[in-house]
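**Student:** Below you'll find the structure I mean.
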There are 2 protein chains.
Amino acid sequence: MTKSKVFLRSEIDAMEKNYRVNLINSIHGFKSANLIGTRSIHGIENLAIFNSVMHIGANPPLIGFIQRPASVNRHTLENLMETGFYTINAIREDMIEQSHQTAARYPEGKSEFEATQLTPIYHDDFKAPFVGESHLQIAVKWVENIRIMSNDTILVVGEIMAIYLRNEEVLSNDGFINHEQMNNVAISGLDSYYKTQKLARFSYAKPDKNLEQI
Amino acid sequence: MTKSKVFLRSEIDAMEKNYRVNLINSIHGFKSANLIGTRSIHGIENLAIFNSVMHIGANPPLIGFIQRPASVNRHTLENLMETGFYTINAIREDMIEQSHQTAARYPEGKSEFEATQLTPIYHDDFKAPFVGESHLQIAVKWVENIRIMSNDTILVVGEIMAIYLRNEEVLSNDGFINHEQMNNVAISGLDSYYKTQKLARFSYAKPDKNLEQI
């Protein structure tokens with residue numbers, strides 16, 4: 001016998017803070033799981049986990065992420081604004097513990113690469129470090145920060161400059177990337193990691209026409 | 001023998017349009033899968049799938065989604081701005097085909113609820129329809145639209161007014177929602193649906209302390 005549960009707004013407002021944080025951070029569903037790599041103008045490599053990397057546009061290829069005001073990952077934003085460059089790296093199943101650990105508040109000058117034993121690598125002359133263990137690495141150039149006044153958060157928007165895939169077989173013929181073939185994970189809430197299994201890929205929806213699996 | 005693949009920016013810019021759309025829409029990883037329900041001031045119920053619903057803030061509880069300029073889901077934005085209210089409903093595994101079909105461009109006045117046989121239901125006196133088949137339904141009040149100039153898209157921000165869970169057992173003791181227990185799905189790209197399996201939930205990361213599974 002299942003029992004339903006309703007939370008009215010007055011109850012949400014009255015919740016103990018951590019309960020509300022867990023509930024509201026997990027309510028909308030699954031999120032992407034990426035590590036953002038930067039290097040400060042003093043040469044210190046920084047690495048931070050983000051669950052908010054999102055699509056902004058395809059042409060030009062724009063990618064965004066949300067920076068919260070209270071985040072411990074401030075170095076990411078400082079570095080990418082100073083240098084103009086950062087990397088976005090997909091998190092695989094065997095990297096989740098190290099990736100989660102990048103959120104720790106390390107002393108100034110300590111690199112999360114060193115602390116977590118994830119490997120900084122460089123491609124061509126791009127000025128920010130990629131994560132060697134990731135099978136999907138993106139070189140990004142900073143474009144703009146958009147202030148979300150409702151909550152004093154920042155949407156950081158960048159242009160994709162290059163994409164590095166470990167194995168071309170994860171690409172479908174039409175450009176679609178099969179993340180599950182790389183064992184890339186999804187996140188829910190602030191701290192939960194998931195593997196995925198494809199159910200279906202559907203054709204473009206049209207009225208009075210049945211969907212096909214593609 | 002795996003073969004790697006690099007896309008430089010010049011190659012991305014030169015891609016055939018659909019290839020680029022599929023690549024750039026799938027590059028950042030998994031997304032949430034939700035149906036947004038609205039009712040026009042003329043009483044027509046609208047339902048549209050969105051893969052961009054995201055966390056904005058916990059106190060007050062704010063939730064956002066991206067509206068693209070060329071989207072066929074314009075009715076959603078029109079209705080919620082006219083009435084001030086909308087619902088966000090998690091998509092379960094057995095709803096993916098109907099949910100994908102809501103993206104079809106139906107004739108003016110035709111409700112996607114009717115077209116897809118998903119069931120509009122109402123809770124209390126809330127003015128927008130929820131999706132009966134969803135096990136996680138959120139009542140939302142519109143707050144503001146934020147223009148993302150880089151790409152002429154809009155981030156629509158709303159306040160959570162109530163949360164309806166079919167089964168309270170999906171809630172952890174600390175407020176975290178276990179989407180996989182509802183069979184809620186994740187999306188990748190524009191058209192691919194995934195079931196998930198939990199790998200781990202980790203404790204808050206601290207320097208020089210090993211993570212624990214919680």
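For the structure tokens, the naming scheme is as follows: chains receive sequential letters (A, B, ...) according to their order of presentation, residues are indexed from 1 within each chain, and ligands are indexed from 1 in presentation order.
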Residues of chain A that have any atom at most 6 Å from an atom of chain B: could you tabulate them with the shortest-distance atom pair and the distance in Å to one decimal, using only C-alpha atoms, ordered by chain and increasing number, as a tab-separated table?
**Tutor:**
```
residue	atom	partner	partner_atom	distance
A:Thr2	CA	B:Asn167	CA	5.5
A:Lys3	CA	B:Asn167	CA	5.2
A:Ser4	CA	B:Asn167	CA	4.4
A:Lys5	CA	B:Leu165	CA	5.1
A:Val6	CA	B:Tyr164	CA	4.7
A:Phe7	CA	B:Ile163	CA	5.0
A:Leu8	CA	B:Ala162	CA	4.4
A:Arg9	CA	B:Met161	CA	4.8
A:Tyr19	CA	B:Gly175	CA	4.7
A:Val21	CA	B:Ala58	CA	5.6
A:Asn22	CA	B:Phe176	CA	4.8
A:Leu23	CA	B:Gly175	CA	4.6
A:Ile24	CA	B:Ala58	CA	5.6
A:Asn25	CA	B:His55	CA	6.0
A:Ser26	CA	B:Ile177	CA	5.8
A:Gly29	CA	B:Ser32	CA	4.8
A:Phe30	CA	B:Ser32	CA	4.6
A:Lys31	CA	B:Lys31	CA	4.9
A:Ser32	CA	B:Phe30	CA	4.6
A:His55	CA	B:Asn25	CA	6.0
A:Ala58	CA	B:Ile24	CA	5.6
A:Gln101	CA	B:Ala205	CA	5.2
A:Ala103	CA	B:Ala205	CA	5.9
A:Ala104	CA	B:Lys206	CA	4.4
A:Tyr106	CA	B:Pro207	CA	5.7
A:Met161	CA	B:Arg9	CA	4.8
A:Ala162	CA	B:Leu8	CA	4.4
A:Ile163	CA	B:Phe7	CA	5.0
A:Tyr164	CA	B:Val6	CA	4.7
A:Leu165	CA	B:Lys5	CA	5.1
A:Arg166	CA	B:Ser4	CA	4.6
A:Asn167	CA	B:Ser4	CA	4.4
A:Glu168	CA	B:Lys5	CA	5.2
A:Asp174	CA	B:Tyr19	CA	5.0
A:Gly175	CA	B:Leu23	CA	4.6
A:Phe176	CA	B:Asn22	CA	4.8
A:Ile177	CA	B:Ser26	CA	5.8
A:Ala186	CA	B:Phe30	CA	5.8
A:Asp191	CA	B:Arg201	CA	5.4
A:Ser192	CA	B:Arg201	CA	4.2
A:Tyr193	CA	B:Ala200	CA	5.5
A:Tyr194	CA	B:Lys198	CA	4.4
A:Lys195	CA	B:Gln197	CA	5.3
A:Thr196	CA	B:Thr196	CA	4.4
A:Gln197	CA	B:Tyr194	CA	5.3
A:Lys198	CA	B:Tyr194	CA	4.4
A:Leu199	CA	B:Tyr194	CA	5.1
A:Ala200	CA	B:Tyr193	CA	5.5
A:Arg201	CA	B:Ser192	CA	4.2
A:Phe202	CA	B:Asp191	CA	5.5
A:Ala205	CA	B:Ala104	CA	4.7
A:Lys206	CA	B:Ala104	CA	4.5
A:Pro207	CA	B:Ala104	CA	5.4
```
**Student:** When you look at Gly132 (chain A) with a cut-off of 8 Å (counting only C-alpha atoms), what residues show up, excluding the ones that are within fewer than 6 positions of it in the same chain? I need them as a PyMOL selection string.
**Tutor:** chain A and resi 118-121
**Student:** Can you work out the spacing between CA of Ile44 (chain A) and CA of Pro129 (chain A) in Å, to one decimal?
**Tutor:**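 Those two atoms sit 10.2 Å apart.
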**Student:** Between CA of Leu80 (chain A) and CA of Met95 (chain A), measure the distance and give it in Å to one decimal.
**Tutor:** 23.4 Å
**Student:** Rank A:Met182, A:Phe130, A:Val156, A:Gln117 by their smallest atom-to-atom distance to Glu78 (chain A), using only C-alpha atoms, and report the top residue only.
**Tutor:**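 Closest to Glu78 (chain A), using only C-alpha atoms: A:Val156.
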**Student:** Any idea what the distance is between CA of Leu35 (chain B) and CA of Gln67 (chain A)?
**Tutor:** 25.8 Å
**Student:** Please, which residues of region 36-82 of chain A, numbered as in this document, come out strand (DSSP E or B) from DSSP, as a ChimeraX atom specification?
**Tutor:** /A:36-39,45-50,54-57,62-67
**Student:** So which residues of chain B fall under helix (DSSP H, G or I) by DSSP, listed as JSON, numbers by chain?
**Tutor:** {"B": [9, 10, 11, 12, 13, 17, 18, 19, 20, 21, 22, 23, 24, 25, 26, 74, 75, 76, 77, 78, 79, 80, 81, 82, 83, 93, 94, 95, 96, 97, 98, 99, 100, 101, 112, 113, 114, 115, 116, 149, 150, 151, 168, 169, 170, 179, 180, 181, 182]}
